[in-house]
Every structure is written in structure tokens, then in C-alpha cells.
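A short worksheet on the structure shown next.
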Amino acid sequence: MPGMEVFGKEEKKEVMDVLETGALFRYGHDNIRKGMWKAREFEQEVARFTGAKYVHAVSSGSAAVSVMMAAAGIGHGDEVIVPPFTFVAPVESVFLAGAIPVFSGIDESLCLDPSEIVKKITPRTRAVLVVHMCGAAADIDGILKVCRQHNLVLLEDCGQAMGAFYMNKSVGLYGTAGSFSFDYFKIATCGEGGAIITDSEEIYRKIEQIADHGHTHEGNNRGMEEHHFMGFNYRINELSAAVGLAQMRKLPDVIEKNKKNKEYLKSRLGDLKNISFRKLPDADGDSATFLNFFMPSSEDAARAIEEFGMQKLDGITYWYKNMYHYINQWSHIKNISYPAKLSAHHFNRPQDYHNPDLGRTENLMSRMISVAIKCSWREEDLGQYSEKVSQVLKKIVS
């Protein structure tokens with residue numbers, strides 16, 4: 001993935017700035033900082049890139065989802081519509097908020113299908129948590145229309161979609177707030193980190209307090225401010241933020257290379273019969289981290305994955321069998337397995353997790369293959385890789 005591919009002297013310089021001062025905590029300690037505030041600078045870079053009015057960095061993308069939901073008022077007994085194809089974190093966050101995840105089907109965009117969302121709405125539905133999967137935006141227009149018609153809160157999990165835009169506006173800015181992940185495998189990484197963006201000052205003020213035990217960050221006497229409500233520790237540290245700061249400055253170049261390499265790979269596969277590519281509601285806004293395509297059948301997809309493995313081609317994923325990204329493998333979610341007690345309403349949910357109605361999701365997921373795009377590919381490497389991928393597919397679909 002691109003973030004780790006471009007790690008170098010810039011990240012080391014920003015980290016050394018922090019180590020030389022010893023100010024690893026993001027707040028206070030002005031006397032030793034030498035004017036360096038890496039978390040603030042990181043947030044400013046995210047704001048500059050996305051165009052968001054407000055940004056708050058936190059300890060992980062998972063933390064970002066939880067903080068975002070709390071700031072939006074999602075809690076006990078609320079139903080939140082979520083996709084069955086996502087990293088499991090947003091689903092976990094709904095549970096931990098005391099709310100109930102309700103799974104709804106996806107379409108060829110690999111994200112929530114607006115026509116399926118409508119079928120899942122009940123009087124207890126409070127929000128739609130859309131996840132922009134594999135680096136590109138969902139059908140924002142269609143999802144927003146449903147949310148407005150039914151007075152639902154729209155929240156955006158953009159964990160895999162830093163750098164993605166929809167109609168020249170960053171993902172994460174269409175709903176009440178948007179969360180991002182900067183873990184080790186993302187297009188820009190902190191090693192571990194997250195961020196929340198919003199254009200609402202009211203939501204932002206809640207976010208920064210929720211993420212830091214309710215601190216208001218007013219004045220310069222930490223611990224003596226008035227507390228308006230409870231929070232928890234979701235803070236990012238200065239070392240992680242320093243890495244993210246350097247990475248965000250590299251992001252435009254990474255996306256440019258991603259797009260070039262993806263377009264080349266796609267062109268090499270474009271003449272293959274019977275495969276179709278992922279639907280992109282805004283192709284220009286794609287961050288180009290993955291090339292996703294559908295095989296004619298699930299059997300063909302399974303054969304291709306087996307052959308890719310034999311050819312030792314890396315970066316190719318069959319999400320249908322992935323333990324952390326598709327509902328079929330989530331036995332712990334289906335059985336609501338958790339060490340602590342959960343609320344009774346979690347067991348009286350409106351949906352059978354073992355047999356949810358997900359529209360075309362099963363068919364799409366069983367046929368879909370993803371190829372991770374590398375920004376570091378040399379022209380020769382990309383040509384050889386593309387040829388090998390093409391040859392495998394030709395054996396199956398020709």
C-alpha cells in the first residue's frame with residue numbers, strides 16, 4: 001500500500017523533531033516544545049487537503065468512528081444501517097455505542113445501495129453509516145436522498161478512502177462528519193492513527209472533547225477546565241502525528257502515481273471477455289488504491305484466486321473469504337459474542353444476522369477480485385505484473 005511505500009527521510013525528520021524536544025503529548029508542555037505541535041500541523045494538512053473546516057486527529061480509525069458517532073448523538077437502542085462489506089471496525093463501534101447495526105446490501109460500487117437502505121428503515125432507525133470502500137466514493141447522491149427523505153443522520157467512514165472525492169468535494173464532508181484511518185496499510189499512514197473531519201463547529205467541539213476525557217482545551221491549565229460531558233482517551237500522540245504530517249504532504253504525488261498505474265493495469269485487462277469493473281460514482285475522484293473487477297461466476301473467481309496464489313502474485317484479495325471484511329466470516333458478530341454484558345435490545349434486533357436480506361451482495365462479493373495498486377511500481381515491474389494477471393484471467397474467461 002502506498003503509505004508504507006514512500007516512507008523515508010521526511011517522516012524521520014518529523015519524528016526526530018519530537019524526540020529532540022521530548023514533548024510526546026499533544027497538549028501543553030509549551031516550555032519544551034520549541035514551537036512544535038505535530039498533531040496540530042497534521043490536522044492542518046488534512047484540512048488543507050480535504051477542504052474541511054475542522055479536523056481532529058485521534059489514535060486510530062476505529063476510534064475516529066466511535067468519536068464521530070458519539071458526537072452525532074448515536075447511542076442506546078438506535079438502529080444504524082451499515083454495509084456487510086467493510087472492515088469490521090464500524091460495526092464494532094455501533095455495538096460499543098449501545099446501538100444496533102442493521103446490515104443492508106451493496107451494489108457494484110461496493111458500497112451501500114440506496115434502494116436497499118430504504119428496505120431496512122424502521123421507526124428506530126437513526127443513522128446511515130456509509131463506508132467508502134477500496135479508495136472510492138459511494139453513491140452519495142442516492143444515499144443523501146434517502147437520508148433526507150427519512151430524516152436520518154449520515155455518517156461517513158472513509159477509513160479506506162483518504163484522497164477520494166465526490167464531485168470535487170472530499171468524502172467525509174457530505175454527512176455530519178467523516179472518519180479516516182491512518183493505520184499502516186492505508187494510502188497515508190501514521191503507523192496507527194485516525195482523523196475526523198466536519199464542517200460543523202458544534203460537532204467539532206464535541207469531537208475534541210469526547211476524544212480527550214471531556215477536556216475543553218480552554219486556557220493553558222489542563223485539568224482545571226470545566227467539563228461539559230464525558231469522554232474517553234482517544235488521543236493521538238505527537239510521534240504518530242509527525243509521521244502522518246509527512247505522509248499527508250506526499251499524498252498528491254502518491255495519488256497521481258496510483259491513477260497512472262491503475263489506468264495502465266486496467267487497460268491491459270480491458271479486452272478480456274466477461275469481466276466487468278467496479279462502478280465508480282465519480283471516477284475522477286477515485287484515489288486509485290485498488291482495481292476491482294467481477295468475474296463471470298463465483299467458481300471463476302475462486303479459480304483465479306487459486307491461480308494467482310500459484311503464480312505468487314501479491315496484492316490480490318478475494319474479499320469474499322476475508323475474515324475481517326465480509327459478514328460471512330463474522331461469527332462473533334452473528335452470535336453477538338462479547339466478554340461483557342450487552343443490552344437486551346441487542347438480542348431483540350430487527351434482523352437475523354445469520355440470514356440477513358442483503359440483495360445482490362452475496363453474488364457480487366463472490367465474484368469480485370481486488371488488485372492493490374502500488375505507487376512504487378517501476379514501468380518494467382508494472383508491465384510484468386500486468387501481463388501475469390492478464391494471462392491468469394485469459395485462461396479462465398477466454
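We label chains A, B, ... in the order they appear in the C-alpha cells, count residues from 1 in each chain, and number ligands from 1 in the order shown.
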
Would you write out, as a Markdown table, a table of all residues in segment 16-61 of chain A that have an atom no more than 10 Å from an atom of segment 226-238 of chain A, listing for each the closest atom pair and the distance in Å to one decimal, considering only C-alpha atoms and ordering rows by chain and rising residue number?
```
| residue | atom | partner | partner_atom | distance |
| --- | --- | --- | --- | --- |
| A:Asp17 | CA | A:Glu238 | CA | 9.8 |
| A:Val18 | CA | A:Glu238 | CA | 6.8 |
| A:Leu19 | CA | A:Glu238 | CA | 9.3 |
| A:Gly22 | CA | A:Glu238 | CA | 9.7 |
| A:Ala23 | CA | A:Glu238 | CA | 7.4 |
| A:Leu24 | CA | A:Glu238 | CA | 5.0 |
| A:Phe25 | CA | A:Asn237 | CA | 5.5 |
| A:Arg26 | CA | A:Glu238 | CA | 5.5 |
| A:Tyr27 | CA | A:Glu238 | CA | 9.2 |
| A:Met36 | CA | A:Glu238 | CA | 9.5 |
| A:Trp37 | CA | A:Glu238 | CA | 7.5 |
| A:Lys38 | CA | A:Glu238 | CA | 5.6 |
| A:Ala39 | CA | A:Glu238 | CA | 5.7 |
| A:Arg40 | CA | A:Glu238 | CA | 9.2 |
| A:Phe42 | CA | A:Glu238 | CA | 9.5 |
| A:His56 | CA | A:Ile236 | CA | 9.4 |
| A:Ala57 | CA | A:Ile236 | CA | 6.2 |
| A:Val58 | CA | A:Ile236 | CA | 4.5 |
| A:Ser59 | CA | A:Ile236 | CA | 4.3 |
| A:Ser60 | CA | A:Tyr234 | CA | 7.8 |
```

- Query: Out of segment 112-225 of chain A, which residues get strand (DSSP E or B) from DSSP, as a VMD selection string?
  - Reply: chain A and resid 112 125 to 131 153 to 157 165 to 166 169 to 170 177 to 181 183 191 194 to 198 212

Write the selection just made, keeping C-alpha atoms, as a CSV table (one decimal), in the first residue's frame?
```
chain,number,residue,atom,x,y,z
A,112,LEU,CA,-24.3,0.7,0.3
A,125,THR,CA,-33.5,3.9,12.6
A,126,ARG,CA,-31.4,6.9,13.5
A,127,ALA,CA,-28.4,6.9,11.1
A,128,VAL,CA,-26.8,5.5,8.0
A,129,LEU,CA,-23.1,4.7,8.3
A,130,VAL,CA,-21.8,4.6,4.8
A,131,VAL,CA,-18.3,3.1,4.2
A,153,VAL,CA,-28.1,11.2,10.2
A,154,LEU,CA,-25.5,10.4,7.6
A,155,LEU,CA,-22.1,9.4,8.9
A,156,GLU,CA,-19.2,8.6,6.6
A,157,ASP,CA,-16.5,6.0,7.3
A,165,PHE,CA,-13.6,12.9,-3.7
A,166,TYR,CA,-17.1,13.0,-5.0
A,169,LYS,CA,-15.7,17.5,-2.6
A,170,SER,CA,-13.9,15.2,-0.2
A,177,ALA,CA,-18.9,14.0,9.9
A,178,GLY,CA,-16.4,11.7,8.3
A,179,SER,CA,-13.7,9.4,9.8
A,180,PHE,CA,-10.4,8.4,8.4
A,181,SER,CA,-7.8,5.7,9.2
A,183,ASP,CA,-3.0,2.7,10.0
A,191,GLY,CA,1.6,3.7,11.8
A,194,GLY,CA,-7.2,8.4,12.7
A,195,ALA,CA,-8.9,11.7,12.0
A,196,ILE,CA,-12.4,13.1,11.9
A,197,ILE,CA,-13.5,15.9,9.6
A,198,THR,CA,-16.6,18.1,9.7
A,212,ASP,CA,-9.9,13.6,25.5
```

- By how many Å are atom CA of Lys312 of chain A and atom CA of Ile373 of chain A apart? 16.1 Å

- Message: Env of segment 321-335 of chain A: 6 Å cut, atoms = only C-alpha atoms, seq-sep filter 3 positions within chain, self excluded. Answer as a PyMOL selection string.
- Response: chain A and resi 84-88+353-354

Put those residues in a file: all heavy atoms, as a compact mmCIF listing (two decimals), in the first residue's frame.
```
# COMPACT_ATOMS: atom_id res chain seq x y z
N PRO A 84 -22.41 -4.78 4.78
CA PRO A 84 -21.83 -6.07 5.16
C PRO A 84 -20.42 -6.25 4.63
O PRO A 84 -19.72 -7.19 5.00
CB PRO A 84 -22.78 -7.07 4.52
CG PRO A 84 -23.26 -6.36 3.28
CD PRO A 84 -23.33 -4.91 3.63
N PHE A 85 -19.99 -5.35 3.72
CA PHE A 85 -18.63 -5.36 3.20
C PHE A 85 -17.92 -4.11 3.72
O PHE A 85 -18.18 -2.99 3.27
CB PHE A 85 -18.63 -5.37 1.67
CG PHE A 85 -17.25 -5.27 1.06
CD1 PHE A 85 -16.18 -5.98 1.56
CD2 PHE A 85 -17.04 -4.45 -0.04
CE1 PHE A 85 -14.91 -5.88 1.00
CE2 PHE A 85 -15.78 -4.34 -0.63
CZ PHE A 85 -14.71 -5.05 -0.10
N THR A 86 -17.09 -4.31 4.72
CA THR A 86 -16.37 -3.23 5.38
C THR A 86 -15.37 -3.89 6.32
O THR A 86 -15.55 -5.05 6.70
CB THR A 86 -17.31 -2.34 6.20
OG1 THR A 86 -16.54 -1.43 7.00
CG2 THR A 86 -18.18 -3.15 7.15
N PHE A 87 -14.32 -3.18 6.68
CA PHE A 87 -13.57 -3.67 7.83
C PHE A 87 -14.53 -3.67 9.00
O PHE A 87 -15.43 -2.84 9.09
CB PHE A 87 -12.36 -2.77 8.10
CG PHE A 87 -11.50 -3.27 9.23
CD1 PHE A 87 -10.89 -4.51 9.14
CD2 PHE A 87 -11.32 -2.52 10.37
CE1 PHE A 87 -10.11 -4.99 10.19
CE2 PHE A 87 -10.54 -2.98 11.42
CZ PHE A 87 -9.93 -4.22 11.33
N VAL A 88 -14.34 -4.58 9.94
CA VAL A 88 -15.34 -4.82 10.98
C VAL A 88 -15.45 -3.66 11.98
O VAL A 88 -16.44 -3.57 12.72
CB VAL A 88 -15.01 -6.15 11.72
CG1 VAL A 88 -13.80 -6.00 12.61
CG2 VAL A 88 -16.22 -6.68 12.46
N TYR A 353 -28.94 -11.87 12.02
CA TYR A 353 -27.59 -11.73 11.46
C TYR A 353 -27.11 -12.99 10.74
O TYR A 353 -26.20 -12.93 9.92
CB TYR A 353 -26.59 -11.36 12.55
CG TYR A 353 -26.75 -9.98 13.13
CD1 TYR A 353 -26.14 -9.63 14.33
CD2 TYR A 353 -27.49 -9.00 12.48
CE1 TYR A 353 -26.27 -8.37 14.87
CE2 TYR A 353 -27.64 -7.74 13.01
CZ TYR A 353 -27.02 -7.42 14.21
OH TYR A 353 -27.15 -6.16 14.73
N HIS A 354 -27.71 -14.11 11.07
CA HIS A 354 -27.32 -15.35 10.39
C HIS A 354 -27.96 -15.47 9.01
O HIS A 354 -27.46 -16.22 8.17
CB HIS A 354 -27.73 -16.57 11.24
CG HIS A 354 -26.92 -16.73 12.48
ND1 HIS A 354 -25.70 -17.35 12.50
CD2 HIS A 354 -27.16 -16.33 13.76
CE1 HIS A 354 -25.20 -17.34 13.73
NE2 HIS A 354 -26.07 -16.73 14.51
```

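Residues with any atom within 7 Å of Cys190 of chain A, counting only C-alpha atoms and excluding same-chain neighbours fewer than 4 positions away, are Phe182, Asp183, Tyr184, Ser240, Ala241, Val243 and Gly244 of chain A.
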
I need the residues from that last selection saved to file as a PDB file, in the first residue's frame (with all heavy atoms), if you can.
```pdb
ATOM      1  N   PHE A 182      -5.448   6.059   9.486  1.00  0.00           N
ATOM      2  CA  PHE A 182      -4.063   6.229   9.061  1.00  0.00           C
ATOM      3  C   PHE A 182      -3.222   5.070   9.593  1.00  0.00           C
ATOM      4  O   PHE A 182      -2.088   5.257  10.012  1.00  0.00           O
ATOM      5  CB  PHE A 182      -3.515   7.567   9.569  1.00  0.00           C
ATOM      6  CG  PHE A 182      -4.109   8.768   8.888  1.00  0.00           C
ATOM      7  CD1 PHE A 182      -5.296   9.320   9.351  1.00  0.00           C
ATOM      8  CD2 PHE A 182      -3.503   9.328   7.780  1.00  0.00           C
ATOM      9  CE1 PHE A 182      -5.865  10.418   8.723  1.00  0.00           C
ATOM     10  CE2 PHE A 182      -4.057  10.427   7.139  1.00  0.00           C
ATOM     11  CZ  PHE A 182      -5.245  10.987   7.613  1.00  0.00           C
ATOM     12  N   ASP A 183      -3.794   3.867   9.552  1.00  0.00           N
ATOM     13  CA  ASP A 183      -3.009   2.727  10.030  1.00  0.00           C
ATOM     14  C   ASP A 183      -1.951   2.354   8.983  1.00  0.00           C
ATOM     15  O   ASP A 183      -1.834   2.981   7.924  1.00  0.00           O
ATOM     16  CB  ASP A 183      -3.912   1.555  10.432  1.00  0.00           C
ATOM     17  CG  ASP A 183      -4.479   0.757   9.265  1.00  0.00           C
ATOM     18  OD1 ASP A 183      -3.996   0.907   8.122  1.00  0.00           O
ATOM     19  OD2 ASP A 183      -5.413  -0.024   9.486  1.00  0.00           O
ATOM     20  N   TYR A 184      -1.199   1.331   9.272  1.00  0.00           N
ATOM     21  CA  TYR A 184      -0.018   1.002   8.486  1.00  0.00           C
ATOM     22  C   TYR A 184      -0.323   0.665   7.033  1.00  0.00           C
ATOM     23  O   TYR A 184       0.543   0.787   6.157  1.00  0.00           O
ATOM     24  CB  TYR A 184       0.706  -0.171   9.151  1.00  0.00           C
ATOM     25  CG  TYR A 184       2.047  -0.509   8.551  1.00  0.00           C
ATOM     26  CD1 TYR A 184       3.078   0.443   8.519  1.00  0.00           C
ATOM     27  CD2 TYR A 184       2.293  -1.763   8.026  1.00  0.00           C
ATOM     28  CE1 TYR A 184       4.312   0.132   7.981  1.00  0.00           C
ATOM     29  CE2 TYR A 184       3.535  -2.083   7.486  1.00  0.00           C
ATOM     30  CZ  TYR A 184       4.535  -1.133   7.466  1.00  0.00           C
ATOM     31  OH  TYR A 184       5.761  -1.445   6.930  1.00  0.00           O
ATOM     32  N   SER A 240       3.139   9.733  16.357  1.00  0.00           N
ATOM     33  CA  SER A 240       2.274   9.244  15.279  1.00  0.00           C
ATOM     34  C   SER A 240       1.851  10.381  14.362  1.00  0.00           C
ATOM     35  O   SER A 240       1.844  10.244  13.128  1.00  0.00           O
ATOM     36  CB  SER A 240       1.042   8.554  15.861  1.00  0.00           C
ATOM     37  OG  SER A 240       1.397   7.405  16.602  1.00  0.00           O
ATOM     38  N   ALA A 241       1.502  11.508  14.965  1.00  0.00           N
ATOM     39  CA  ALA A 241       1.077  12.665  14.174  1.00  0.00           C
ATOM     40  C   ALA A 241       2.207  13.172  13.284  1.00  0.00           C
ATOM     41  O   ALA A 241       1.966  13.620  12.155  1.00  0.00           O
ATOM     42  CB  ALA A 241       0.588  13.775  15.093  1.00  0.00           C
ATOM     43  N   VAL A 243       4.553  11.408  11.833  1.00  0.00           N
ATOM     44  CA  VAL A 243       4.611  10.545  10.649  1.00  0.00           C
ATOM     45  C   VAL A 243       3.479  10.910   9.684  1.00  0.00           C
ATOM     46  O   VAL A 243       3.679  11.045   8.471  1.00  0.00           O
ATOM     47  CB  VAL A 243       4.524   9.060  11.040  1.00  0.00           C
ATOM     48  CG1 VAL A 243       4.469   8.178   9.796  1.00  0.00           C
ATOM     49  CG2 VAL A 243       5.709   8.667  11.908  1.00  0.00           C
ATOM     50  N   GLY A 244       2.279  11.080  10.221  1.00  0.00           N
ATOM     51  CA  GLY A 244       1.136  11.434   9.385  1.00  0.00           C
ATOM     52  C   GLY A 244       1.311  12.765   8.683  1.00  0.00           C
ATOM     53  O   GLY A 244       0.872  12.942   7.537  1.00  0.00           O
TER      54      GLY A 244
END
```

- Message: Report, in Å to a single decimal, how far apart atom CA of Glu201 of chain A and atom CA of His215 of chain A are.
- Response: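 It comes out at 16.2 Å.
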
Env of Ala246 of chain A: 9 Å cut, atoms = only C-alpha atoms, seq-sep filter 6 positions within chain, self excluded. Answer as a PDB file with N, CA, C and O atoms, in the first residue's frame.
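Here's the written file around-v4.pdb:
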```pdb
ATOM      1  N   PHE A   7       7.716   5.765   2.644  1.00  0.00           N
ATOM      2  CA  PHE A   7       8.309   6.160   3.922  1.00  0.00           C
ATOM      3  C   PHE A   7       9.789   6.468   3.718  1.00  0.00           C
ATOM      4  O   PHE A   7      10.520   5.706   3.096  1.00  0.00           O
ATOM      5  N   GLU A  10      11.664  12.207   5.178  1.00  0.00           N
ATOM      6  CA  GLU A  10      10.728  13.238   5.626  1.00  0.00           C
ATOM      7  C   GLU A  10      10.036  12.825   6.919  1.00  0.00           C
ATOM      8  O   GLU A  10       9.890  13.628   7.848  1.00  0.00           O
ATOM      9  N   GLU A  11       9.598  11.579   6.987  1.00  0.00           N
ATOM     10  CA  GLU A  11       8.962  11.072   8.201  1.00  0.00           C
ATOM     11  C   GLU A  11       9.958  11.045   9.360  1.00  0.00           C
ATOM     12  O   GLU A  11       9.631  11.406  10.498  1.00  0.00           O
ATOM     13  N   LYS A  12      11.182  10.611   9.071  1.00  0.00           N
ATOM     14  CA  LYS A  12      12.213  10.546  10.113  1.00  0.00           C
ATOM     15  C   LYS A  12      12.510  11.931  10.675  1.00  0.00           C
ATOM     16  O   LYS A  12      12.698  12.104  11.887  1.00  0.00           O
ATOM     17  N   LYS A  13      12.532  12.920   9.805  1.00  0.00           N
ATOM     18  CA  LYS A  13      12.806  14.289  10.254  1.00  0.00           C
ATOM     19  C   LYS A  13      11.727  14.775  11.209  1.00  0.00           C
ATOM     20  O   LYS A  13      12.025  15.366  12.266  1.00  0.00           O
ATOM     21  N   GLU A  14      10.463  14.532  10.853  1.00  0.00           N
ATOM     22  CA  GLU A  14       9.361  14.995  11.700  1.00  0.00           C
ATOM     23  C   GLU A  14       9.363  14.274  13.053  1.00  0.00           C
ATOM     24  O   GLU A  14       9.104  14.890  14.097  1.00  0.00           O
ATOM     25  N   PHE A  42      -0.513  18.242  11.601  1.00  0.00           N
ATOM     26  CA  PHE A  42      -1.122  17.120  10.896  1.00  0.00           C
ATOM     27  C   PHE A  42      -2.579  17.435  10.576  1.00  0.00           C
ATOM     28  O   PHE A  42      -3.050  17.241   9.439  1.00  0.00           O
TER      29      PHE A  42
END
```

- Message: I need the residue nearest Glu116 of chain A from this list: A:Val6, A:Ala283, A:Val371, A:Leu358. Use only C-alpha atoms for the distance.
- Response: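 Closest candidate: A:Leu358.
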
- Message: Let me make sure I understand: among A:Ala301, A:Leu269, A:Ala372, A:Ile336, which one has the smallest atom-to-atom distance to Pro101 of chain A if we use only C-alpha atoms?
- Response: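 Comparing A:Ala301, A:Leu269, A:Ala372, A:Ile336 against Pro101 of chain A, the winner is A:Ile336.
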
- Message: Rounded to one decimal, what separation in Å do you get between atom CA of Lys259 of chain A and atom CA of Val65 of chain A?
- Response: 27.6 Å

- Item | Residue set, segment 75-254 of chain A restricted to alpha helix (DSSP H), as a ChimeraX atom specification | /A:89-96,114-120,140-149,201-210,238-254

- Message: Taking 2 positions as the minimum chain separation for residues in the same chain, which residues sit within 12 Å of Phe95 of chain A when counting only C-alpha atoms? Answer as a PyMOL selection string.
- Response: chain A and resi 65-66+69+74-80+82+88-93+97-102+333+336-338+340-343+345-347+349

Could you write out the selected residues, including C-alpha atoms, as a short mmCIF file (atom, residue, chain, number, x, y, z; two decimals), in the first residue's frame?
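New file again_11.cif:
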```
data_model
loop_
_atom_site.label_atom_id
_atom_site.label_comp_id
_atom_site.auth_asym_id
_atom_site.auth_seq_id
_atom_site.Cartn_x
_atom_site.Cartn_y
_atom_site.Cartn_z
CA VAL A 65 -15.71 6.15 14.03
CA SER A 66 -16.66 5.83 17.70
CA MET A 69 -20.94 8.58 16.29
CA ILE A 74 -25.93 7.94 18.28
CA GLY A 75 -26.49 5.74 21.31
CA HIS A 76 -28.55 3.25 23.26
CA GLY A 77 -31.22 1.50 21.18
CA ASP A 78 -30.64 3.46 17.98
CA GLU A 79 -30.54 1.44 14.77
CA VAL A 80 -27.68 2.27 12.41
CA VAL A 82 -24.25 -0.44 7.92
CA VAL A 88 -15.34 -4.82 10.98
CA ALA A 89 -14.47 -1.68 13.00
CA PRO A 90 -17.56 0.44 12.17
CA VAL A 91 -19.84 -2.46 13.09
CA GLU A 92 -17.98 -2.89 16.39
CA SER A 93 -18.29 0.85 17.02
CA ALA A 97 -22.14 2.86 21.32
CA GLY A 98 -25.07 0.80 22.58
CA ALA A 99 -26.71 1.00 19.17
CA ILE A 100 -27.84 -1.78 16.83
CA PRO A 101 -26.14 -2.39 13.47
CA VAL A 102 -28.58 -3.26 10.68
CA ILE A 333 -20.94 -10.60 15.18
CA ILE A 336 -23.10 -11.26 19.41
CA SER A 337 -20.09 -12.63 21.28
CA TYR A 338 -18.53 -10.20 23.74
CA ALA A 340 -19.02 -8.11 28.86
CA LYS A 341 -22.81 -7.90 29.09
CA LEU A 342 -24.64 -6.22 26.27
CA SER A 343 -28.06 -4.57 26.41
CA HIS A 345 -32.13 -4.75 22.77
CA HIS A 346 -29.05 -6.18 21.04
CA PHE A 347 -30.70 -9.58 21.23
CA ARG A 349 -32.78 -6.65 16.97
#
```

- Task: Pick out the closest residue to Arg249 of chain A from this set: A:Met368, A:Ala70, A:Val15, A:Ala188. Count only C-alpha atoms.
- Result: A:Ala188

For Ser298 of chain A, please output as a PDB file with N, CA and C atoms, in the first residue's frame all residues within 7 Å (counting only C-alpha atoms; exclusion window: fewer than 4 positions along the same chain).
```pdb
ATOM      1  N   ALA A 302     -12.948 -18.035  -7.721  1.00  0.00           N
ATOM      2  CA  ALA A 302     -12.168 -18.935  -6.868  1.00  0.00           C
ATOM      3  C   ALA A 302     -10.999 -19.547  -7.638  1.00  0.00           C
ATOM      4  N   SER A 366     -19.006 -12.695  -4.148  1.00  0.00           N
ATOM      5  CA  SER A 366     -18.441 -13.988  -4.528  1.00  0.00           C
ATOM      6  C   SER A 366     -17.732 -13.932  -5.875  1.00  0.00           C
ATOM      7  N   ARG A 367     -18.017 -12.887  -6.671  1.00  0.00           N
ATOM      8  CA  ARG A 367     -17.401 -12.754  -7.995  1.00  0.00           C
ATOM      9  C   ARG A 367     -16.308 -11.688  -8.059  1.00  0.00           C
TER      10      ARG A 367
END
```

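If you measure from each of A:Gly73, A:Gly383, A:Pro281, A:Gly223 to His132 of chain A using only C-alpha atoms, the closest one turns out to be A:Pro281.
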
- Message: Given only C-alpha atoms as the basis, pick out the residue of A:Ala288, A:Leu382, A:Ala211, A:Ala64 nearest to Cys134 of chain A.
- Response: A:Ala288

- Query: Which one of A:Ala304, A:Met162, A:Ile316, A:Ile81 sits closest to Ser287 of chain A if you count only C-alpha atoms?
  - Reply: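 Looking only at the distances to Ser287 of chain A, the closest residue turns out to be A:Met162.
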